[in-house]
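Structure file run_13.txt with compact mmCIF, C-alpha atoms and all ligand atoms:
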```txt
# COMPACT_ATOMS: atom_id res chain seq x y z
CA MET X 851 84.76 -5.89 -8.34
CA LYS X 852 83.86 -9.00 -6.35
CA VAL X 853 82.08 -8.38 -3.08
CA TYR X 854 81.09 -10.95 -0.48
CA PHE X 855 78.21 -9.74 1.68
CA ASP X 856 76.84 -13.12 2.73
CA ASN X 857 78.69 -13.65 6.00
CA ALA X 858 75.60 -14.86 7.84
CA ALA X 859 75.60 -17.82 5.42
CA THR X 860 79.28 -18.50 5.99
CA THR X 861 82.55 -16.64 6.46
CA ALA X 862 85.96 -16.91 4.86
CA ILE X 863 88.40 -18.94 6.87
CA ASP X 864 91.07 -16.88 8.64
CA LEU X 865 94.56 -17.79 7.41
CA GLU X 866 95.77 -18.08 11.01
CA VAL X 867 93.00 -20.62 11.63
CA PHE X 868 94.02 -22.63 8.60
CA GLU X 869 97.66 -22.62 9.75
CA ALA X 870 96.59 -23.93 13.17
CA MET X 871 94.62 -26.74 11.52
CA LYS X 872 97.25 -27.79 8.99
CA PRO X 873 99.45 -29.92 11.27
CA TYR X 874 96.35 -31.94 12.24
CA MET X 875 95.63 -32.62 8.58
CA LEU X 876 99.16 -33.57 7.60
CA GLU X 877 101.34 -34.68 10.52
CA HIS X 878 99.15 -35.44 13.53
CA PHE X 879 96.73 -37.87 11.98
CA GLY X 880 96.25 -40.32 14.85
CA ASN X 881 92.83 -41.33 16.09
CA PRO X 882 92.20 -39.48 19.35
CA SER X 883 90.69 -42.62 20.85
CA SER X 884 93.93 -44.60 20.35
CA ILE X 885 96.01 -44.85 23.45
CA HIS X 886 99.40 -44.86 21.67
CA SER X 887 101.43 -41.69 21.24
CA HIS X 888 99.93 -40.82 17.83
CA GLY X 889 96.48 -40.87 19.40
CA ARG X 890 97.45 -39.19 22.65
CA GLN X 891 98.94 -36.21 20.85
CA VAL X 892 95.69 -35.62 18.98
CA ARG X 893 93.57 -36.18 22.08
CA THR X 894 95.58 -33.44 23.78
CA ALA X 895 94.78 -31.03 20.94
CA ILE X 896 91.04 -31.71 21.31
CA GLU X 897 91.10 -31.22 25.06
CA ARG X 898 93.17 -28.05 24.70
CA SER X 899 90.55 -26.75 22.26
CA ARG X 900 87.71 -27.63 24.61
CA LYS X 901 89.49 -25.84 27.44
CA LYS X 902 89.91 -22.75 25.27
CA VAL X 903 86.23 -22.67 24.23
CA ALA X 904 85.16 -23.20 27.86
CA GLU X 905 87.45 -20.43 29.06
CA LEU X 906 85.96 -17.98 26.53
CA LEU X 907 82.43 -18.95 27.58
CA ASN X 908 83.43 -18.71 31.25
CA THR X 909 82.35 -22.25 31.92
CA ALA X 910 83.84 -25.69 32.58
CA PRO X 911 85.31 -27.84 29.77
CA ALA X 912 82.89 -30.60 30.85
CA GLU X 913 80.03 -28.44 29.57
CA VAL X 914 81.34 -28.17 25.98
CA PHE X 915 80.59 -30.93 23.46
CA PHE X 916 81.90 -30.80 19.91
CA THR X 917 79.46 -31.60 17.10
CA SER X 918 79.31 -31.49 13.31
CA GLY X 919 77.87 -27.97 13.49
CA GLY X 920 74.93 -25.90 14.60
CA THR X 921 72.25 -28.13 13.14
CA GLU X 922 73.37 -31.22 15.03
CA ALA X 923 73.79 -29.24 18.25
CA ASP X 924 70.24 -27.82 17.98
CA ASN X 925 68.80 -31.25 17.18
CA THR X 926 70.62 -32.81 20.14
CA ALA X 927 69.50 -30.17 22.61
CA LEU X 928 65.85 -30.27 21.59
CA ARG X 929 65.31 -33.95 20.91
CA CYS X 930 67.28 -35.23 23.90
CA THR X 931 65.82 -32.74 26.36
CA VAL X 932 62.29 -33.76 25.37
CA ASN X 933 63.15 -37.46 25.59
CA ASP X 934 65.17 -37.40 28.78
CA LYS X 935 63.28 -34.84 30.81
CA GLY X 936 59.82 -35.94 29.79
CA ILE X 937 59.01 -32.51 28.36
CA LYS X 938 55.39 -32.26 27.18
CA HIS X 939 55.38 -28.65 25.94
CA VAL X 940 57.82 -26.74 23.75
CA ILE X 941 57.71 -22.97 23.24
CA SER X 942 59.47 -21.60 20.19
CA SER X 943 58.92 -19.01 17.45
CA LYS X 944 57.99 -19.10 13.78
CA ILE X 945 61.18 -17.29 12.79
CA GLU X 946 63.70 -19.79 14.15
CA HIS X 947 66.28 -21.28 11.81
CA HIS X 948 65.07 -24.52 10.23
CA ALA X 949 67.53 -26.46 12.39
CA VAL X 950 65.17 -25.62 15.27
CA LEU X 951 61.86 -25.09 13.49
CA HIS X 952 61.87 -28.41 11.65
CA THR X 953 63.03 -30.27 14.76
CA VAL X 954 60.21 -28.71 16.76
CA GLU X 955 57.75 -29.72 14.01
CA GLN X 956 59.02 -33.29 14.24
CA LEU X 957 58.59 -33.26 18.01
CA GLU X 958 55.03 -32.07 17.50
CA LYS X 959 54.38 -35.02 15.17
CA ASP X 960 55.69 -37.25 17.96
CA GLY X 961 53.00 -35.89 20.28
CA VAL X 962 54.69 -32.96 22.04
CA LYS X 963 52.53 -29.85 22.38
CA VAL X 964 54.09 -26.82 20.68
CA SER X 965 53.27 -23.15 21.26
CA TYR X 966 54.69 -20.34 19.18
CA VAL X 967 55.30 -17.09 20.95
CA ASN X 968 53.66 -14.01 19.43
CA LEU X 969 55.88 -11.66 17.46
CA ASP X 970 55.23 -8.02 16.69
CA GLU X 971 55.14 -6.66 13.12
CA ASN X 972 58.95 -6.49 13.09
CA GLY X 973 59.45 -10.01 14.39
CA VAL X 974 60.24 -8.94 17.96
CA VAL X 975 59.26 -11.50 20.61
CA ASP X 976 56.28 -10.56 22.77
CA TYR X 977 57.79 -11.18 26.21
CA ASP X 978 54.44 -10.83 27.98
CA HIS X 979 52.98 -13.57 25.81
CA LEU X 980 56.01 -15.75 26.57
CA GLU X 981 55.49 -15.16 30.27
CA SER X 982 51.80 -16.09 30.02
CA LEU X 983 52.67 -19.30 28.13
CA LEU X 984 55.19 -20.22 30.81
CA LYS X 985 52.75 -19.44 33.61
CA LYS X 986 50.11 -21.65 32.02
CA GLU X 987 52.51 -24.54 31.51
CA PRO X 988 55.58 -24.61 33.71
CA ASN X 989 58.25 -27.27 33.02
CA SER X 990 58.29 -26.39 29.34
CA LEU X 991 61.23 -26.31 26.98
CA VAL X 992 61.84 -22.85 25.51
CA SER X 993 63.81 -22.61 22.27
CA LEU X 994 64.36 -19.04 21.10
CA MET X 995 67.31 -17.89 19.04
CA HIS X 996 69.59 -15.13 20.25
CA ALA X 997 70.16 -13.47 16.87
CA ASN X 998 67.95 -14.07 13.87
CA ASN X 999 70.01 -15.09 10.85
CA GLU X 1000 67.79 -13.26 8.34
CA ILE X 1001 66.73 -10.04 10.02
CA GLY X 1002 69.25 -9.84 12.85
CA ASN X 1003 66.69 -9.29 15.66
CA LEU X 1004 68.28 -9.91 19.06
CA LEU X 1005 66.56 -11.68 21.94
CA ASP X 1006 67.03 -10.47 25.51
CA LEU X 1007 68.75 -13.62 26.78
CA GLU X 1008 68.84 -12.39 30.39
CA ARG X 1009 65.14 -11.62 30.47
CA VAL X 1010 64.14 -14.97 28.97
CA GLY X 1011 66.61 -16.78 31.24
CA ASP X 1012 65.02 -15.18 34.32
CA MET X 1013 61.53 -16.11 33.11
CA CYS X 1014 62.55 -19.69 32.44
CA GLU X 1015 64.12 -20.00 35.87
CA GLU X 1016 60.98 -18.64 37.53
CA HIS X 1017 58.74 -21.10 35.71
CA ASN X 1018 61.08 -24.05 35.90
CA ALA X 1019 61.51 -24.21 32.14
CA VAL X 1020 64.53 -25.48 30.22
CA PHE X 1021 66.07 -22.74 28.07
CA HIS X 1022 67.77 -23.56 24.75
CA SER X 1023 68.97 -20.72 22.56
CA ASP X 1024 70.26 -21.11 19.03
CA THR X 1025 73.24 -18.79 19.42
CA VAL X 1026 74.84 -19.74 16.08
CA GLN X 1027 74.76 -16.21 14.65
CA SER X 1028 75.91 -14.44 17.80
CA MET X 1029 78.54 -16.88 19.05
CA ALA X 1030 82.01 -15.28 18.96
CA HIS X 1031 80.41 -11.99 17.88
CA TYR X 1032 79.32 -11.20 21.44
CA VAL X 1033 80.63 -12.37 24.82
CA HIS X 1034 78.41 -15.12 26.20
CA ASP X 1035 79.19 -15.46 29.89
CA MET X 1036 77.67 -18.80 30.79
CA SER X 1037 78.28 -18.27 34.51
CA ARG X 1038 75.83 -15.36 34.35
CA LEU X 1039 73.37 -16.29 31.61
CA LYS X 1040 70.66 -18.70 32.68
CA LEU X 1041 70.99 -20.86 29.61
CA ASP X 1042 70.65 -24.62 29.67
CA PHE X 1043 71.84 -25.07 26.09
CA ALA X 1044 73.69 -22.82 23.64
CA VAL X 1045 75.21 -23.52 20.25
CA GLY X 1046 78.22 -22.52 18.17
CA SER X 1047 79.20 -23.15 14.55
CA ALA X 1048 82.79 -22.41 13.51
CA HIS X 1049 82.08 -21.37 9.93
CA LYS X 1050 80.10 -18.36 11.13
CA PHE X 1051 83.21 -16.84 12.73
CA HIS X 1052 85.99 -17.51 10.22
CA GLY X 1053 86.51 -21.12 11.22
CA PRO X 1054 86.02 -24.30 9.17
CA LYS X 1055 82.67 -25.73 8.06
CA GLY X 1056 81.23 -28.92 9.51
CA VAL X 1057 82.20 -28.36 13.13
CA GLY X 1058 80.44 -26.75 16.05
CA PHE X 1059 79.63 -27.29 19.68
CA LEU X 1060 76.81 -27.65 22.11
CA TYR X 1061 77.08 -26.02 25.51
CA ILE X 1062 75.18 -28.10 28.05
CA ASN X 1063 74.75 -26.62 31.50
CA HIS X 1064 75.83 -29.28 34.02
CA LYS X 1065 72.33 -29.35 35.58
CA ASN X 1066 71.11 -31.10 32.44
CA LYS X 1067 71.83 -34.78 32.14
CA ILE X 1068 70.89 -35.98 28.68
CA HIS X 1069 71.69 -38.99 26.57
CA PRO X 1070 73.43 -38.78 23.18
CA PHE X 1071 71.65 -37.94 19.95
CA ILE X 1072 74.22 -39.83 17.88
CA HIS X 1073 74.96 -43.25 19.30
CA GLY X 1074 78.28 -44.94 18.71
CA GLY X 1075 81.65 -44.87 20.41
CA ALA X 1076 82.49 -43.25 23.69
CA GLN X 1077 83.70 -40.00 22.15
CA GLU X 1078 82.79 -36.66 23.75
CA ARG X 1079 82.47 -38.40 27.11
CA ASN X 1080 79.78 -40.69 25.74
CA MET X 1081 77.70 -37.78 24.50
CA ARG X 1082 78.42 -37.99 20.77
CA GLY X 1083 79.58 -41.09 18.96
CA GLY X 1084 81.95 -40.79 15.99
CA THR X 1085 85.62 -40.07 15.46
CA GLU X 1086 86.21 -36.41 16.21
CA ASN X 1087 86.76 -33.85 13.46
CA VAL X 1088 90.14 -33.08 14.97
CA TYR X 1089 91.40 -30.35 12.65
CA GLY X 1090 87.90 -28.84 12.63
CA ILE X 1091 87.87 -28.69 16.43
CA VAL X 1092 91.37 -27.17 16.50
CA GLY X 1093 90.23 -24.61 13.90
CA LEU X 1094 87.05 -23.81 15.81
CA ALA X 1095 88.96 -23.04 19.01
CA LYS X 1096 91.53 -20.94 17.16
CA ALA X 1097 88.81 -19.00 15.30
CA MET X 1098 86.97 -18.36 18.54
CA GLU X 1099 90.14 -17.23 20.27
CA ILE X 1100 90.85 -14.73 17.48
CA ALA X 1101 87.23 -13.55 17.42
CA TYR X 1102 87.29 -12.82 21.14
CA ALA X 1103 90.67 -11.09 20.99
CA GLU X 1104 89.54 -8.81 18.17
CA MET X 1105 85.85 -8.52 19.09
CA GLU X 1106 85.74 -4.84 19.99
CA SER X 1107 87.67 -3.59 16.97
CA HIS X 1108 85.79 -5.83 14.57
CA ARG X 1109 82.46 -4.82 15.99
CA LYS X 1110 83.37 -1.16 15.59
CA HIS X 1111 84.50 -1.74 12.02
CA ILE X 1112 81.41 -3.73 11.04
CA GLU X 1113 79.02 -1.31 12.76
CA GLY X 1114 80.70 1.43 10.74
CA LEU X 1115 79.98 -0.47 7.53
CA LYS X 1116 76.39 -1.10 8.49
CA THR X 1117 75.73 2.52 9.48
CA HIS X 1118 77.36 3.72 6.27
CA MET X 1119 75.20 1.37 4.21
CA ILE X 1120 72.00 2.50 5.94
CA GLU X 1121 72.82 6.15 5.31
CA LYS X 1122 73.90 5.63 1.70
CA LEU X 1123 70.81 3.56 0.91
CA LYS X 1124 68.50 6.17 2.41
CA ALA X 1125 70.20 8.84 0.30
CA SER X 1126 70.18 6.79 -2.92
CA ILE X 1127 66.87 4.91 -3.09
CA ASP X 1128 63.49 6.53 -2.48
CA GLY X 1129 61.21 4.55 -0.22
CA ILE X 1130 63.94 2.31 1.16
CA ALA X 1131 63.13 0.57 4.44
CA PHE X 1132 64.61 -2.22 6.54
CA ASN X 1133 63.17 -5.56 7.55
CA GLY X 1134 62.84 -6.50 11.20
CA VAL X 1135 64.78 -4.14 13.42
CA SER X 1136 67.98 -4.62 11.45
CA ASP X 1137 68.59 -0.86 11.10
CA ASP X 1138 68.49 -0.39 14.88
CA LEU X 1139 72.05 -0.92 16.05
CA ASP X 1140 71.03 -1.53 19.65
CA LYS X 1141 68.44 -4.16 18.85
CA SER X 1142 70.03 -6.12 16.03
CA LEU X 1143 73.00 -8.29 15.24
CA TYR X 1144 75.64 -5.89 13.96
CA THR X 1145 76.66 -8.16 11.08
CA VAL X 1146 73.21 -8.22 9.41
CA LEU X 1147 71.25 -5.60 7.47
CA ASN X 1148 68.05 -6.74 5.78
CA VAL X 1149 66.99 -4.19 3.20
CA CYS X 1150 63.37 -3.76 2.15
CA LEU X 1151 63.25 -2.43 -1.40
CA PRO X 1152 60.45 -0.58 -3.19
CA PRO X 1153 58.04 -2.57 -5.36
CA ASN X 1154 59.60 -3.19 -8.78
CA ASP X 1155 58.81 -5.55 -11.67
CA ASP X 1156 62.33 -6.92 -11.45
CA ASN X 1157 62.40 -7.64 -7.73
CA ASP X 1158 62.41 -11.38 -8.39
CA MET X 1159 65.71 -10.84 -10.19
CA LEU X 1160 67.35 -8.76 -7.43
CA LEU X 1161 69.88 -11.34 -6.26
CA PHE X 1162 70.59 -12.36 -9.83
CA ASN X 1163 71.26 -8.78 -10.87
CA LEU X 1164 73.54 -8.20 -7.90
CA ASP X 1165 75.34 -11.45 -8.69
CA ILE X 1166 75.96 -10.23 -12.25
CA ALA X 1167 77.52 -7.12 -10.71
CA GLY X 1168 79.81 -9.38 -8.64
CA ILE X 1169 77.97 -8.93 -5.35
CA SER X 1170 77.10 -12.02 -3.32
CA ALA X 1171 74.25 -11.40 -0.92
CA SER X 1172 71.21 -13.34 0.11
CA GLY X 1173 67.52 -12.70 0.16
CA GLY X 1174 64.25 -14.46 -0.22
CA SER X 1175 60.96 -12.83 -0.96
CA ALA X 1176 58.07 -13.60 1.31
CA CYS X 1177 56.24 -15.25 -1.56
CA SER X 1178 57.41 -18.23 -3.59
CA SER X 1179 57.45 -16.52 -6.93
CA GLY X 1180 60.20 -16.54 -9.56
CA SER X 1181 63.56 -17.96 -8.70
CA SER X 1182 63.53 -17.35 -4.98
CA ILE X 1183 61.99 -19.71 -2.46
CA GLY X 1184 59.93 -17.85 0.11
CA SER X 1185 61.51 -16.86 3.38
CA HIS X 1186 59.56 -18.20 6.34
CA VAL X 1187 60.99 -15.35 8.42
CA LEU X 1188 59.89 -12.50 6.13
CA ALA X 1189 56.49 -14.18 5.77
CA GLU X 1190 55.94 -13.65 9.52
CA LEU X 1191 56.54 -9.90 9.32
CA ASN X 1192 53.90 -7.35 8.55
CA ARG X 1193 55.37 -6.10 5.29
CA ASP X 1194 54.27 -5.36 1.74
CA GLN X 1195 54.83 -8.64 -0.14
CA ASN X 1196 55.56 -6.73 -3.36
CA ARG X 1197 58.69 -5.23 -1.91
CA GLY X 1198 62.06 -6.84 -2.49
CA ALA X 1199 64.33 -8.10 0.29
CA ILE X 1200 68.08 -8.44 0.38
CA ARG X 1201 70.15 -9.54 3.33
CA PHE X 1202 73.59 -8.01 3.42
CA SER X 1203 75.82 -9.55 6.07
CA PHE X 1204 79.26 -8.25 6.87
CA SER X 1205 82.57 -9.45 8.27
CA LYS X 1206 85.91 -8.03 9.33
CA TYR X 1207 87.13 -8.46 5.76
CA ASN X 1208 84.60 -6.05 4.21
CA THR X 1209 85.40 -2.42 3.38
CA LEU X 1210 83.59 0.91 2.96
CA GLU X 1211 84.45 0.83 -0.76
CA GLU X 1212 82.55 -2.44 -1.08
CA VAL X 1213 79.53 -0.89 0.63
CA ASP X 1214 79.66 2.09 -1.75
CA TYR X 1215 79.88 -0.23 -4.74
CA ALA X 1216 76.94 -2.37 -3.61
CA VAL X 1217 74.73 0.64 -2.93
CA GLU X 1218 75.64 2.13 -6.31
CA LYS X 1219 74.72 -1.10 -8.11
CA LEU X 1220 71.53 -1.51 -6.13
CA ALA X 1221 70.49 2.09 -6.76
CA GLU X 1222 70.95 1.56 -10.51
CA LEU X 1223 68.19 -1.06 -10.34
CA TYR X 1224 65.82 1.48 -8.79
CA GLN X 1225 66.22 4.40 -11.15
CA PRO X 1226 62.82 6.14 -11.63
CA GLU X 1227 62.35 4.84 -15.21
CA THR X 1228 62.65 1.21 -14.06
CA THR X 1229 60.43 1.65 -11.05
CA SER X 1230 56.90 0.36 -11.59
CA ALA X 1231 55.19 1.85 -8.56
N1 LIG B 1 71.14 -21.77 13.38
C1 LIG B 1 71.31 -20.59 12.76
C2 LIG B 1 70.68 -19.37 13.34
C3 LIG B 1 72.05 -20.51 11.58
O1 LIG B 1 72.20 -19.33 10.97
C4 LIG B 1 72.62 -21.69 11.06
C5 LIG B 1 73.38 -21.67 9.78
O2 LIG B 1 73.00 -21.01 8.83
C6 LIG B 1 72.43 -22.90 11.75
C7 LIG B 1 71.67 -22.89 12.89
C8 LIG B 1 73.01 -24.19 11.24
O3 LIG B 1 74.38 -24.25 11.50
P1 LIG B 1 75.31 -25.27 10.69
O4 LIG B 1 75.48 -24.70 9.33
O5 LIG B 1 76.60 -25.26 11.46
O6 LIG B 1 74.65 -26.59 10.73
```
Could you render the structure from this file as structure tokens?
Ligand code: PLP
Amino acid sequence: MKVYFDNAATTAIDLEVFEAMKPYMLEHFGNPSSIHSHGRQVRTAIERSRKKVAELLNTAPAEVFFTSGGTEADNTALRCTVNDKGIKHVISSKIEHHAVLHTVEQLEKDGVKVSYVNLDENGVVDYDHLESLLKKEPNSLVSLMHANNEIGNLLDLERVGDMCEEHNAVFHSDTVQSMAHYVHDMSRLKLDFAVGSAHKFHGPKGVGFLYINHKNKIHPFIHGGAQERNMRGGTENVYGIVGLAKAMEIAYAEMESHRKHIEGLKTHMIEKLKASIDGIAFNGVSDDLDKSLYTVLNVCLPPNDDNDMLLFNLDIAGISASGGSACSSGSSIGSHVLAELNRDQNRGAIRFSFSKYNTLEEVDYAVEKLAELYQPETTSA
């Protein structure tokens, strides 16, 4: 049996998405910047896609900018906001994706002051600490992700948006993992910047978007032609953009049923794991359905001599998942997210992440294979 439980890394493309993209790979190949009919036809497809994304986000098409993915969108939002708004202080967290964390570290090297908000032992943001940081230094840039890609912890976007408004801070949220999995109503959320990446919701890789609230006037990150209304130079990834919009449209149309299905898988896995492996626990708040991204379950496994080989052993059994111990031992490179949690470093960690294509049978199979690795005779402690 082959099982794919690594949907937070990337998802399988939906066949309907591929079909929507195909004509823009084969027939409609014009450059969207060309003014002849070949170009105009393609330009129309891009603008139709932008309109669709904007409609789903309940915002204006002028606030949606296509990029090469989440990483570029995060870099653009952070770097250009600091440059163009004269931001002197950035507030972020130690468990952000590297697209944010490494950008923030670069900004720090360039002389920007950086504060990291306190997290509790499960990686939950300390909102009181955030408030005190904002009070001390208004006019900051806050960059906090909506859903953590490793442990699934969700941020209260409304609460942080209100705080940022009160203290005149700019609010960027890396929404890559939650985009098209939840409804983001930009007319209601007080977000200055949000991000999407198509390959996280059954679209193609290498394409995403940056939502920029119209109050924010920033210059491009990538200089070049006048594409994306002068905000992002470079010939557009036309079929990628068409695929992104189609994938997002499908995700929104099927959101409720998919969420129910995936929550069912996650609940089933939690229960089966508890029944099959003594001492099982979960990292972050990923076993709390109300507080975590429903697609992610990060399992904390008992200490075992073979924990360094966990992913390898699952791979042998045909199960693709992801992990990362908090230390840098063996074959796995340490996870900077798990390292921030108060957890026993000898325990193993596996991130299972689900999609609409997964089944209960796959969950049963994965739990069975995982439990085999933790039979009493192989357990060292
Ligand atoms: N932010 C988060 C939270 C992610 O999970 C990812 C992808 O893993 C990214 C940013 C980067 O997105 P992309 O792969 O589109 O560059």
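Among all protein and nucleic acid residues, the ones that lie within 7 Å of ligand LIG 1 (chain B) when counting all atoms listed in the file are Ala858, Ala859, Gly919, Gly920, Thr921, Glu922, His947, Ala949, Met995, Ala997, Asn998, Asn999, Asp1024, Thr1025, Val1026, Gln1027, Ser1047, His1049, Lys1055, Gly1056, Val1057 and Gly1058 of chain X.
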Might you pull out every residue within 10 Å of Thr1117 in chain X, with all atoms listed in the file counted and same-chain residues fewer than 2 positions away left off, and present them as JSON, numbers by chain?
{"X": [1112, 1113, 1114, 1115, 1119, 1120, 1121, 1122, 1123, 1137, 1138, 1139, 1144, 1147]}
- Task: Identify, on the basis of only C-alpha atoms, every residue whose closest approach to range 1069-1082 of chain X does not exceed 8 Å; exclude the query and any residue fewer than 3 positions from it along the same chain; express the result as a PyMOL selection string.
- Result: chain X and resi 883+915-917+925-926+929-930+934+1085-1086
Kindly indicate which residue among X:Tyr1061, X:Tyr874, X:Tyr966, X:Tyr854 lies nearest to Ala1167 in chain X, using all atoms listed in the file for the distances.
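Answer, going by the shortest atom-to-atom distance: X:Tyr854.
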> Within 8 Å of Leu991 in chain X, counting all atoms listed in the file, which residues qualify if same-chain residues fewer than 3 places away don't, as number ranges by chain?
Replying inline: X: 931-932, 937, 939-941, 1019-1022
At a cut-off of 9 Å, using all atoms listed in the file, what residues contact Thr953 in chain X? Leave out same-chain residues fewer than 3 positions from it and give the result as a count of residues only. 10
Q.
Calculated over all atoms listed in the file, which of the candidates X:Met1013, X:Ala1216, X:Leu1007, X:Val1033 has the smallest distance to Ala1103 in chain X?
A.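 Counting all atoms listed in the file, the residue closest to Ala1103 in chain X is X:Val1033.
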re CA of Arg1201 in chain X and CA of Phe1051 in chain X: distance 17.7 Å
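Computed from the coordinates, the CA of Ala904 in chain X to CA of Arg890 in chain X distance equals 20.8 Å.
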For Ala1199 in chain X, the closest of X:Thr860, X:Ser887, X:Ser982, X:Asn1148 counting all atoms listed in the file is X:Asn1148
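Between Asn933 in chain X and the candidates X:His878, X:Lys1219, X:Lys1096, X:Lys1067, the tightest atom-to-atom separation, counting all atoms listed in the file, involves X:Lys1067.
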Minimum-distance residue to Ser1205 in chain X, chosen among X:Leu969, X:Met1036, X:Met1105, X:Leu1191 (using all atoms listed in the file):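 Once distances to Ser1205 in chain X are computed over all atoms listed in the file, the minimum belongs to X:Met1105.
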Across X:Tyr1224, X:Phe879, X:Tyr977, X:Tyr1089, the smallest distance to Arg1009 in chain X, with only C-alpha atoms counted, is shown by X:Tyr977
